[in-house]
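Shown next: target-v2.txt, given as compact mmCIF, C-alpha atoms (C1' of nucleotides).
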# COMPACT_ATOMS: atom_id res chain seq x y z
CA MET A 292 96.17 95.41 90.73
CA PRO A 293 99.22 93.67 89.46
CA GLU A 294 98.64 89.97 88.92
CA LEU A 295 100.55 87.57 86.70
CA PRO A 296 100.09 89.42 83.36
CA GLU A 297 100.94 92.81 84.86
CA VAL A 298 103.98 91.48 86.72
CA GLU A 299 105.12 89.67 83.57
CA THR A 300 104.82 92.98 81.68
CA VAL A 301 106.84 94.82 84.31
CA ALA A 302 109.54 92.13 84.26
CA ARG A 303 109.80 92.19 80.46
CA ASP A 304 109.86 95.99 80.31
CA LEU A 305 112.52 96.15 82.98
CA ALA A 306 114.65 93.45 81.36
CA ARG A 307 114.69 95.48 78.16
CA LEU A 308 115.21 98.83 79.88
CA VAL A 309 117.84 98.02 82.48
CA GLY A 310 119.23 94.59 81.61
CA GLY A 311 123.03 94.95 81.65
CA ALA A 312 122.98 98.23 83.56
CA THR A 313 124.98 98.65 86.74
CA ILE A 314 123.59 99.84 90.07
CA CYS A 315 125.83 102.49 91.68
CA THR A 316 123.88 102.93 94.86
CA GLY A 317 120.58 101.87 96.30
CA ARG A 318 118.62 103.56 99.01
CA ILE A 319 115.52 102.69 100.96
CA LEU A 320 113.26 105.65 101.67
CA ARG A 321 110.69 103.74 103.67
CA THR A 322 112.20 100.92 105.66
CA ALA A 323 108.87 99.18 106.34
CA ASN A 324 108.77 98.22 102.65
CA LEU A 325 112.01 96.26 102.94
CA SER A 326 111.45 92.72 104.25
CA THR A 327 115.07 91.67 104.36
CA PRO A 328 117.91 92.40 105.02
CA ASP A 329 118.20 95.54 107.17
CA PRO A 330 118.61 98.80 105.20
CA GLU A 331 122.34 99.11 105.93
CA THR A 332 123.11 95.62 104.69
CA PHE A 333 120.88 96.22 101.68
CA THR A 334 122.69 99.40 100.71
CA ARG A 335 126.10 97.81 101.15
CA ALA A 336 125.18 94.61 99.29
CA ILE A 337 123.49 96.14 96.25
CA ALA A 338 126.08 98.81 95.38
CA GLY A 339 128.10 98.19 92.23
CA ARG A 340 126.09 95.16 91.08
CA ARG A 341 125.32 94.63 87.42
CA ILE A 342 121.74 93.69 86.52
CA GLU A 343 121.95 90.36 84.73
CA GLY A 344 118.28 90.03 83.94
CA VAL A 345 114.72 90.41 85.16
CA ARG A 346 112.13 87.63 85.40
CA ARG A 347 108.87 86.78 87.13
CA ARG A 348 107.84 84.06 89.56
CA ALA A 349 104.20 84.12 90.72
CA LYS A 350 103.53 87.83 91.36
CA TRP A 351 107.14 88.61 92.19
CA VAL A 352 109.54 90.52 89.99
CA LEU A 353 112.98 88.93 90.32
CA VAL A 354 115.94 91.13 89.42
CA ASP A 355 119.00 88.91 88.97
CA LEU A 356 122.16 90.66 90.08
CA GLU A 357 125.74 89.68 89.50
CA GLY A 358 127.38 87.81 92.31
CA GLY A 359 124.42 85.52 92.97
CA LEU A 360 121.90 87.96 94.41
CA ILE A 361 118.23 88.52 93.59
CA LEU A 362 116.28 91.68 94.28
CA MET A 363 112.70 90.54 94.86
CA VAL A 364 109.89 93.04 94.34
CA HIS A 365 106.21 92.51 95.10
CA LEU A 366 104.00 95.29 93.80
CA ARG A 367 100.94 94.27 95.84
CA MET A 368 98.24 96.84 95.04
CA THR A 369 99.83 100.03 93.88
CA GLY A 370 103.53 99.34 93.43
CA GLN A 371 105.31 100.53 90.30
CA LEU A 372 108.85 100.20 89.00
CA VAL A 373 109.76 103.14 86.82
CA VAL A 374 112.97 103.95 84.98
CA LEU A 375 113.72 107.66 84.72
CA PRO A 376 116.60 110.06 84.19
CA ALA A 377 118.48 110.53 87.45
CA THR A 378 117.69 114.24 87.30
CA SER A 379 113.91 113.72 87.53
CA THR A 380 112.28 114.72 90.81
CA PRO A 381 110.97 111.93 93.04
CA ASP A 382 107.49 112.28 94.51
CA PRO A 383 106.55 111.43 98.12
CA TYR A 384 105.47 107.91 97.16
CA VAL A 385 108.90 106.70 96.11
CA ARG A 386 109.83 104.01 98.65
CA ALA A 387 113.19 102.93 97.23
CA GLU A 388 115.61 104.04 94.55
CA LEU A 389 118.43 102.45 92.58
CA GLN A 390 120.88 104.84 90.93
CA LEU A 391 122.32 103.40 87.72
CA SER A 392 125.78 104.22 86.39
CA ASP A 393 124.25 105.55 83.15
CA GLN A 394 122.51 108.56 84.74
CA ARG A 395 119.20 106.78 85.12
CA VAL A 396 117.34 105.67 88.21
CA ILE A 397 114.95 102.80 88.95
CA ARG A 398 112.29 104.00 91.37
CA PHE A 399 109.99 101.77 93.37
CA ARG A 400 106.92 103.93 93.75
CA ASP A 401 104.03 102.71 95.87
CA VAL A 402 101.22 105.02 96.95
CA ARG A 403 99.69 102.69 99.50
CA ALA A 404 102.99 101.23 100.61
CA PHE A 405 101.81 97.60 100.63
CA GLY A 406 104.61 96.52 98.31
CA ARG A 407 107.69 94.64 99.45
CA LEU A 408 111.35 94.51 98.53
CA ALA A 409 113.82 91.84 99.54
CA LEU A 410 117.44 91.27 98.67
CA VAL A 411 118.30 87.60 98.86
CA ALA A 412 120.77 85.04 97.55
CA ARG A 413 120.18 83.02 94.40
CA ARG A 414 120.12 79.32 95.18
CA GLU A 415 121.84 76.74 93.06
CA ASP A 416 118.68 76.04 91.05
CA GLY A 417 118.19 79.76 90.37
CA SER A 418 115.35 80.20 92.83
CA PRO A 419 115.46 82.95 95.45
CA SER A 420 116.55 82.07 98.97
CA ARG A 421 114.77 83.57 101.97
CA SER A 422 117.95 85.32 103.03
CA LEU A 423 121.40 86.25 101.79
CA ASP A 424 122.44 82.68 102.50
CA PRO A 425 122.32 80.74 99.19
CA SER A 426 121.90 77.45 101.03
CA GLY A 427 118.86 78.78 102.88
CA GLU A 428 115.27 77.74 102.39
CA ALA A 429 113.56 78.71 99.11
CA ALA A 430 111.60 81.95 99.41
CA LEU A 431 108.71 80.92 97.18
CA GLY A 432 108.97 77.20 97.73
CA ASP A 433 105.37 76.78 98.80
CA HIS A 434 103.96 78.38 95.66
CA GLY A 435 101.85 76.39 93.22
CA PRO A 436 102.53 75.79 89.53
CA GLU A 437 103.08 78.57 87.01
CA PRO A 438 99.97 78.51 84.82
CA LEU A 439 101.87 79.50 81.67
CA GLU A 440 104.50 76.80 81.97
CA ALA A 441 104.29 73.59 80.00
CA THR A 442 104.15 71.57 83.21
CA PHE A 443 100.75 73.09 84.03
CA THR A 444 98.72 70.52 82.11
CA ALA A 445 94.97 69.99 82.14
CA SER A 446 95.39 66.55 83.69
CA ARG A 447 97.62 67.83 86.47
CA PHE A 448 95.17 70.64 87.18
CA ALA A 449 92.24 68.24 87.22
CA SER A 450 93.92 65.94 89.70
CA ASP A 451 94.94 68.91 91.89
CA LEU A 452 91.31 70.03 91.94
CA LYS A 453 90.16 66.54 92.90
CA GLY A 454 92.20 66.66 96.07
CA ARG A 455 90.62 69.88 97.32
CA ARG A 456 87.29 70.39 99.00
CA GLY A 457 87.24 74.18 98.86
CA ARG A 458 85.36 76.57 96.60
CA LEU A 459 86.84 77.52 93.26
CA LYS A 460 87.20 81.23 93.98
CA SER A 461 89.20 80.90 97.20
CA LEU A 462 91.22 78.01 95.82
CA LEU A 463 92.28 79.87 92.68
CA LEU A 464 93.30 82.85 94.80
CA ASP A 465 95.50 80.59 96.92
CA GLN A 466 99.06 81.04 95.67
CA ARG A 467 99.96 77.61 97.01
CA PHE A 468 97.43 76.00 94.68
CA ILE A 469 98.23 78.01 91.55
CA ALA A 470 100.65 80.93 91.29
CA GLY A 471 99.91 84.33 89.83
CA LEU A 472 96.12 84.64 89.84
CA GLY A 473 94.43 87.45 91.74
CA ASN A 474 90.93 88.79 92.07
CA ILE A 475 90.58 90.09 88.52
CA TYR A 476 91.74 87.04 86.62
CA VAL A 477 90.00 84.55 88.90
CA ASP A 478 86.64 86.21 88.24
CA GLU A 479 87.38 86.39 84.52
CA ALA A 480 88.57 82.77 84.27
CA LEU A 481 85.48 81.50 86.08
CA TRP A 482 83.23 83.50 83.75
CA ARG A 483 85.01 82.12 80.69
CA ALA A 484 84.73 78.57 82.02
CA ARG A 485 81.07 79.20 82.99
CA LEU A 486 81.72 78.04 86.54
CA HIS A 487 80.28 79.52 89.72
CA PRO A 488 82.81 81.01 92.16
CA LEU A 489 81.35 78.84 94.94
CA ALA A 490 81.41 75.57 93.00
CA THR A 491 83.21 72.85 94.97
CA ALA A 492 86.61 72.13 93.44
CA ALA A 493 86.57 68.38 93.99
CA ALA A 494 83.08 68.05 92.52
CA LEU A 495 84.01 69.38 89.09
CA ARG A 496 83.41 67.06 86.18
CA ALA A 497 86.35 66.25 83.92
CA ALA A 498 85.00 68.52 81.19
CA GLU A 499 84.56 71.39 83.65
CA ALA A 500 88.09 71.06 85.01
CA GLU A 501 89.40 71.06 81.46
CA ARG A 502 87.30 74.12 80.63
CA LEU A 503 88.70 75.94 83.64
CA HIS A 504 92.26 74.98 82.75
CA HIS A 505 91.77 76.25 79.22
CA ALA A 506 90.11 79.44 80.48
CA ILE A 507 93.00 80.22 82.84
CA VAL A 508 95.72 79.57 80.27
CA SER A 509 94.06 81.36 77.34
CA LEU A 510 93.01 84.32 79.50
CA LEU A 511 96.51 84.78 80.91
CA ARG A 512 98.15 84.43 77.48
CA GLU A 513 95.77 87.02 76.09
CA ALA A 514 96.36 89.33 79.04
CA VAL A 515 100.15 89.07 78.76
CA ALA A 516 99.91 89.84 75.03
CA ALA A 517 97.78 92.90 75.89
CA ARG A 518 100.36 94.02 78.50
CA GLY A 519 97.93 93.38 81.34
CA SER A 520 95.09 95.47 82.70
CA SER A 521 95.71 99.04 83.72
CA ILE A 522 93.23 99.42 86.52
CA ASP A 523 93.05 102.08 89.21
CA ASP A 524 96.59 102.90 90.29
CA TYR A 525 98.43 100.35 88.24
CA THR A 526 100.27 101.06 85.01
CA GLY A 527 103.29 99.31 83.44
CA PRO A 528 106.74 100.93 83.32
CA ASP A 529 106.45 101.18 79.54
CA GLY A 530 102.85 102.35 79.31
CA ASP A 531 99.31 101.13 79.85
CA GLY A 532 98.01 97.68 79.06
CA GLU A 533 94.87 97.05 77.04
CA MET A 534 93.38 94.06 78.82
CA GLN A 535 90.99 96.13 80.92
CA GLU A 536 88.99 96.79 77.74
CA ARG A 537 88.37 93.05 77.43
CA LEU A 538 87.37 92.14 80.96
CA ALA A 539 83.94 90.53 80.96
CA VAL A 540 82.90 90.67 84.60
CA TYR A 541 85.49 92.38 86.79
CA GLN A 542 84.12 95.73 88.01
CA ARG A 543 81.08 95.24 85.78
CA GLY A 544 78.55 94.61 88.55
CA GLY A 545 75.11 95.77 87.39
CA ALA A 546 76.14 95.71 83.71
CA PRO A 547 74.84 93.13 81.20
CA CYS A 548 76.73 89.87 80.68
CA MET A 549 78.60 89.92 77.37
CA ARG A 550 77.38 86.39 76.62
CA CYS A 551 73.74 86.38 77.65
CA GLY A 552 72.78 89.90 78.72
CA THR A 553 71.89 88.93 82.29
CA THR A 554 72.90 91.51 84.88
CA ILE A 555 76.35 90.77 86.29
CA ARG A 556 76.13 90.18 90.03
CA ARG A 557 78.60 91.40 92.57
CA VAL A 558 78.93 89.69 95.94
CA THR A 559 81.57 89.54 98.64
CA LEU A 560 83.23 86.17 99.14
CA GLY A 561 85.99 85.75 101.67
CA GLY A 562 86.34 89.50 101.83
CA ARG A 563 86.83 89.80 98.07
CA GLY A 564 84.56 91.52 95.61
CA THR A 565 83.34 88.75 93.32
CA HIS A 566 81.72 89.28 89.93
CA TYR A 567 79.84 86.64 87.98
CA CYS A 568 76.89 86.02 85.69
CA PRO A 569 74.13 84.24 87.60
CA ARG A 570 72.84 82.67 84.39
CA CYS A 571 76.06 81.59 82.66
CA GLN A 572 77.65 80.49 85.93
CA PRO A 573 74.96 78.60 87.86
CA LEU A 574 75.79 77.15 91.26
CA PRO A 575 75.37 73.40 91.00
CA ARG A 576 73.25 72.74 94.09
CA GLY A 577 72.80 69.13 95.05
CA ARG A 578 75.86 67.98 93.15
CA ARG A 579 78.10 67.28 96.10
CA ALA A 580 80.63 64.56 96.73
CA ALA A 581 78.26 62.77 99.08
CA GLY A 582 74.52 63.12 98.74
CA SER A 583 72.92 61.15 101.53
CA VAL A 584 70.94 62.79 104.31
CA GLY A 585 73.24 61.28 106.93
CA ASP A 586 76.28 62.88 105.34
CA LEU A 587 74.58 66.26 105.18
CA LYS A 588 73.74 66.17 108.88
CA LYS A 589 77.35 65.49 109.75
CA SER A 590 78.55 68.51 107.85
CA SER A 591 79.20 71.34 110.30
CA THR A 592 79.23 73.84 107.46
CA LEU A 593 75.71 72.94 106.49
CA ARG A 594 74.49 72.85 110.09
CA ARG A 595 75.68 76.33 110.70
CA GLY A 596 74.48 77.44 107.35
CA PRO A 597 76.97 78.82 104.90
CA ARG A 598 77.44 82.53 105.32
CA TRP A 599 77.58 83.23 101.63
CA SER A 600 73.97 82.19 101.13
CA GLU A 601 72.72 85.39 102.73
CA SER A 602 74.96 87.62 100.67
CA LEU A 603 73.92 85.76 97.53
CA GLU A 604 70.19 85.97 98.16
CA GLU A 605 70.22 89.46 99.56
CA GLY A 606 71.71 90.89 96.47
CA SER A 607 73.91 93.94 96.73
CA LEU A 608 73.63 93.62 93.00
CA GLY A 609 74.21 97.19 92.04
CA ALA A 610 77.51 98.70 91.10
CA THR A 611 79.83 99.70 93.91
CA ALA A 612 81.47 103.07 94.18
CA THR A 613 84.64 101.63 92.69
CA GLU A 614 82.70 100.21 89.77
CA ARG A 615 80.96 103.48 89.08
CA ALA A 616 84.32 105.24 89.18
CA ALA A 617 85.77 102.62 86.82
CA ALA A 618 82.83 103.04 84.46
CA ARG A 619 83.38 106.79 84.44
CA ARG A 620 87.06 106.33 83.66
CA ARG A 621 86.22 103.96 80.83
CA ALA A 622 83.71 106.46 79.42
CA VAL A 623 86.27 109.26 79.58
CA ARG A 624 88.92 107.07 77.97
CA SER A 625 86.79 105.90 75.06
CA GLY A 626 85.37 109.38 74.59
CA GLY A 627 88.84 110.86 74.47
CA ALA A 628 90.07 108.24 72.01
CA ARG A 629 87.46 109.24 69.48
C1' DA S 207 95.06 68.95 107.94
C1' DG S 208 92.30 71.66 105.31
C1' DC S 209 89.15 75.10 104.92
C1' DG S 210 86.85 79.61 105.88
C1' DT S 211 87.22 83.92 108.06
C1' DT S 212 89.29 87.97 109.93
C1' DA S 213 92.86 91.41 110.91
C1' DC S 214 96.66 93.75 109.30
C1' DC S 215 99.19 97.03 106.48
C1' DC S 216 97.92 101.94 103.82
C1' DG S 217 96.02 106.01 101.20
C1' DC S 218 92.37 107.45 98.59
C1' DA S 219 87.72 108.28 97.08
C1' DC S 220 83.25 107.96 98.03
C1' DG S 221 79.13 109.07 100.48
C1' DC S 222 76.56 110.16 104.38
C1' DT E 147 83.32 120.24 105.23
C1' DG E 148 84.52 116.40 107.59
C1' DC E 149 84.79 111.97 109.00
C1' DG E 150 83.85 106.89 108.62
C1' DT E 151 84.35 103.22 105.57
C1' DG E 152 85.35 100.01 101.74
C1' DC E 153 88.76 98.58 98.73
C1' DG E 154 92.35 94.86 98.11
C1' DG E 155 97.28 90.92 97.93
C1' DG E 156 99.39 88.26 100.76
C1' DT E 157 100.26 86.61 105.21
C1' DA E 158 99.28 85.27 109.80
C1' DA E 159 96.36 83.81 113.22
C1' DC E 160 92.21 81.89 114.52
C1' DG E 161 88.25 78.54 114.94
C1' DC E 162 86.01 74.61 113.32

Take the structure in the file and write it out as structure tokens.
Amino acid sequence: MPELPEVETVARDLARLVGGATICTGRILRTANLSTPDPETFTRAIAGRRIEGVRRRAKWVLVDLEGGLILMVHLRMTGQLVVLPATSTPDPYVRAELQLSDQRVIRFRDVRAFGRLALVARREDGSPSRSLDPSGEAALGDHGPEPLEATFTASRFASDLKGRRGRLKSLLLDQRFIAGLGNIYVDEALWRARLHPLATAAALRAAEAERLHHAIVSLLREAVAARGSSIDDYTGPDGDGEMQERLAVYQRGGAPCMRCGTTIRRVTLGGRGTHYCPRCQPLPRGRRAAGSVGDLKKSSTLRRGPRWSESLEEGSLGATATERAAARRRAVRSGGAR
DNA sequence: AGCGTTACCCGCACGC
DNA sequence: TGCGTGCGGGTAACGC
């Protein structure tokens, strides 16, 4: 699943591979994957444009085109951008194609077709507009800070956390709170910081917020350096990443914790598979913003009883089908490498 | 308003 | 063998 490190890898690979190339023609093979504009306008607008560069914002690949346009690509689950000779045969999962003037082609391939393309104007500040109108609203204006930028400081992060009452897992997945994290790196960051996925954001101590900040930044830096994690259907345009070998909890339900040996637990939170070490990442019960009995009675969440408690107590601790499949793939890979 | 939850989109692999 | 289901990113819609 492409998250920040994988998208960063794709953007860097593409910048090197097709930076400076010129698009002759573009065509959309599955119109549902194109958010905006309509396919005819897209085809007309993209033809003949030189690719000035490729960058990343949140989980979006931004292809800067001459004449103030940006081709936005979101890979979602299974999207890939591949650069091939124009003579190569496309498979049924190619959703869009850009013919280059140098006899190559950029293919957007997406098995599950969740990915999205958009051709928009570049605003004055370089950010993508929501439409071909450069004075339009910013497309990604509601996104949170980029965790690898200098402006994402520990103190800013700590004060952002203070203002939120939600749980860490759902908050870190929220692109408006912090950009670029997804299910894999949220679970990994929480394990590194030794924080429970259900810990209340606002209740974190200063040292815990700092630990989480450091975990996020160091994890993402490491993952970018390793070219991301090649998991399931995802692989970079220029080859596999290595980060999947270094994931501590993701898809390791039922396996021993790399720090303490306790069995990694897998639960479902907010519809997401969540992996954590019950010993290294204890849930701080009783440490809430307000502790009096009166306050507890007023809390509707507590009255109803939080749904996650059942899933946590009940278990479902074993490996899922996906995890068993992943374990098999890892075994095959390491066996083959030897 | 903020938070949690669910449905949606889709194809595949798993498992009954 | 065949069919139902879970998986998951982001968004939207919903209820509280």

What's the 8 Å shell around region 216-221 of chain S, counting only C-alpha atoms (C1' of nucleotides), without same-chain residues fewer than 5 positions away, as a tab-separated table (two decimals) with C-alpha atoms, in the frame of the given file?
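The resulting out.tsv:
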chain	number	residue	atom	x	y	z
A	402	VAL	CA	101.22	105.02	96.95
A	403	ARG	CA	99.69	102.69	99.50
A	404	ALA	CA	102.99	101.23	100.61
A	405	PHE	CA	101.81	97.60	100.63
A	612	ALA	CA	81.47	103.07	94.18

Give as a PDB file with C-alpha atoms, in the coordinates of the input every residue of chain A that touches chain E within 8 Å, counting all atoms listed in the file.
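Full text of result39.pdb as output:
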ATOM      1  CA  ARG A 367     100.940  94.270  95.840  1.00  0.00           C
ATOM      2  CA  MET A 368      98.240  96.840  95.040  1.00  0.00           C
ATOM      3  CA  GLY A 473      94.430  87.450  91.740  1.00  0.00           C
ATOM      4  CA  ARG A 563      86.830  89.800  98.070  1.00  0.00           C
ATOM      5  CA  THR A 613      84.640 101.630  92.690  1.00  0.00           C
TER       6      THR A 613
END

Env of Pro376 (chain A): 10 Å cut, atoms = all atoms listed in the file, seq-sep filter 2 positions within chain, self excluded. Answer as a PyMOL selection string.
chain A and resi 374+378-380+390-391+393-397

With 7 Å as the threshold, what does the neighbourhood of (87.0, 76.9, 103.5) contain in terms of residues, counting all atoms listed in the file? Coordinates are those of the file; answer as a VMD selection string.
(chain A and resid 457) or (chain S and resid 209 to 210)

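Each of A:Lys453, A:Arg346, A:Arg340, A:Arg458 was compared to chain S using only C-alpha atoms (C1' of nucleotides), and A:Arg458 turns out to be the nearest.
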
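Shortest atom-to-atom contact with DA207 (chain S) among A:Gly317, A:Arg455, A:Glu357, A:His504: A:Arg455, counting only C-alpha atoms (C1' of nucleotides).
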
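Distances from A:Leu431, A:Ala312, A:Val298, A:Ala490 to Arg341 (chain A) were compared using only C-alpha atoms, and the smallest one belongs to A:Ala312.
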
Could you pull out every residue with an atom within 12 Å of (98.5, 78.5, 96.3), file coordinates, counting all atoms listed in the file, and send them as number ranges by chain?
A: 349-350, 431-438, 451-452, 455, 460-473; E: 156

Please, could you write that set of residues out with C-alpha atoms (C1' of nucleotides) as a PDB file, in the coordinates of the input?
ATOM      1  CA  ALA A 349     104.200  84.120  90.720  1.00  0.00           C
ATOM      2  CA  LYS A 350     103.530  87.830  91.360  1.00  0.00           C
ATOM      3  CA  LEU A 431     108.710  80.920  97.180  1.00  0.00           C
ATOM      4  CA  GLY A 432     108.970  77.200  97.730  1.00  0.00           C
ATOM      5  CA  ASP A 433     105.370  76.780  98.800  1.00  0.00           C
ATOM      6  CA  HIS A 434     103.960  78.380  95.660  1.00  0.00           C
ATOM      7  CA  GLY A 435     101.850  76.390  93.220  1.00  0.00           C
ATOM      8  CA  PRO A 436     102.530  75.790  89.530  1.00  0.00           C
ATOM      9  CA  GLU A 437     103.080  78.570  87.010  1.00  0.00           C
ATOM     10  CA  PRO A 438      99.970  78.510  84.820  1.00  0.00           C
ATOM     11  CA  ASP A 451      94.940  68.910  91.890  1.00  0.00           C
ATOM     12  CA  LEU A 452      91.310  70.030  91.940  1.00  0.00           C
ATOM     13  CA  ARG A 455      90.620  69.880  97.320  1.00  0.00           C
ATOM     14  CA  LYS A 460      87.200  81.230  93.980  1.00  0.00           C
ATOM     15  CA  SER A 461      89.200  80.900  97.200  1.00  0.00           C
ATOM     16  CA  LEU A 462      91.220  78.010  95.820  1.00  0.00           C
ATOM     17  CA  LEU A 463      92.280  79.870  92.680  1.00  0.00           C
ATOM     18  CA  LEU A 464      93.300  82.850  94.800  1.00  0.00           C
ATOM     19  CA  ASP A 465      95.500  80.590  96.920  1.00  0.00           C
ATOM     20  CA  GLN A 466      99.060  81.040  95.670  1.00  0.00           C
ATOM     21  CA  ARG A 467      99.960  77.610  97.010  1.00  0.00           C
ATOM     22  CA  PHE A 468      97.430  76.000  94.680  1.00  0.00           C
ATOM     23  CA  ILE A 469      98.230  78.010  91.550  1.00  0.00           C
ATOM     24  CA  ALA A 470     100.650  80.930  91.290  1.00  0.00           C
ATOM     25  CA  GLY A 471      99.910  84.330  89.830  1.00  0.00           C
ATOM     26  CA  LEU A 472      96.120  84.640  89.840  1.00  0.00           C
ATOM     27  CA  GLY A 473      94.430  87.450  91.740  1.00  0.00           C
TER      28      GLY A 473
ATOM     29  C1'  DG E 156      99.390  88.260 100.760  1.00  0.00           C
TER      30       DG E 156
END

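CA of Ile475 (chain A) is found 24.4 Å from CA of Asn324 (chain A).
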
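One distance worth recording is that between CA of Leu360 (chain A) and CA of Pro419 (chain A), which is 8.2 Å.
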
Interatomic distance (Å, one decimal) between CA of Pro575 (chain A) and CA of Ala493 (chain A):
12.6 Å

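Each of A:Thr553, A:Asn474, A:Thr491, A:Ser418 was checked against chain S using all atoms listed in the file; the smallest atom-to-atom distance is that of A:Thr491.
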
Padding 4 Å on every side, please: axis-aligned box over the listed atoms of region 210-217 of chain S, centre and edge lengths to one decimal in Å, as lines of an AutoDock Vina configuration file.
center_x = 93.0
center_y = 92.8
center_z = 106.1
size_x = 20.3
size_y = 34.4
size_z = 17.7

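Nearest-residue note for chain S: choosing from A:Ala377, A:Ala494, A:Leu560, A:Cys571, the minimum distance belongs to A:Leu560, counting all atoms listed in the file.
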
Using all atoms listed in the file, determine which residues lie at most 9 Å from Leu325 (chain A), disregarding the query and same-chain residues fewer than 3 positions distant; provide the list as an MDAnalysis selection string.
chainID A and resid 319 321:322 328:330 333 387 406:410
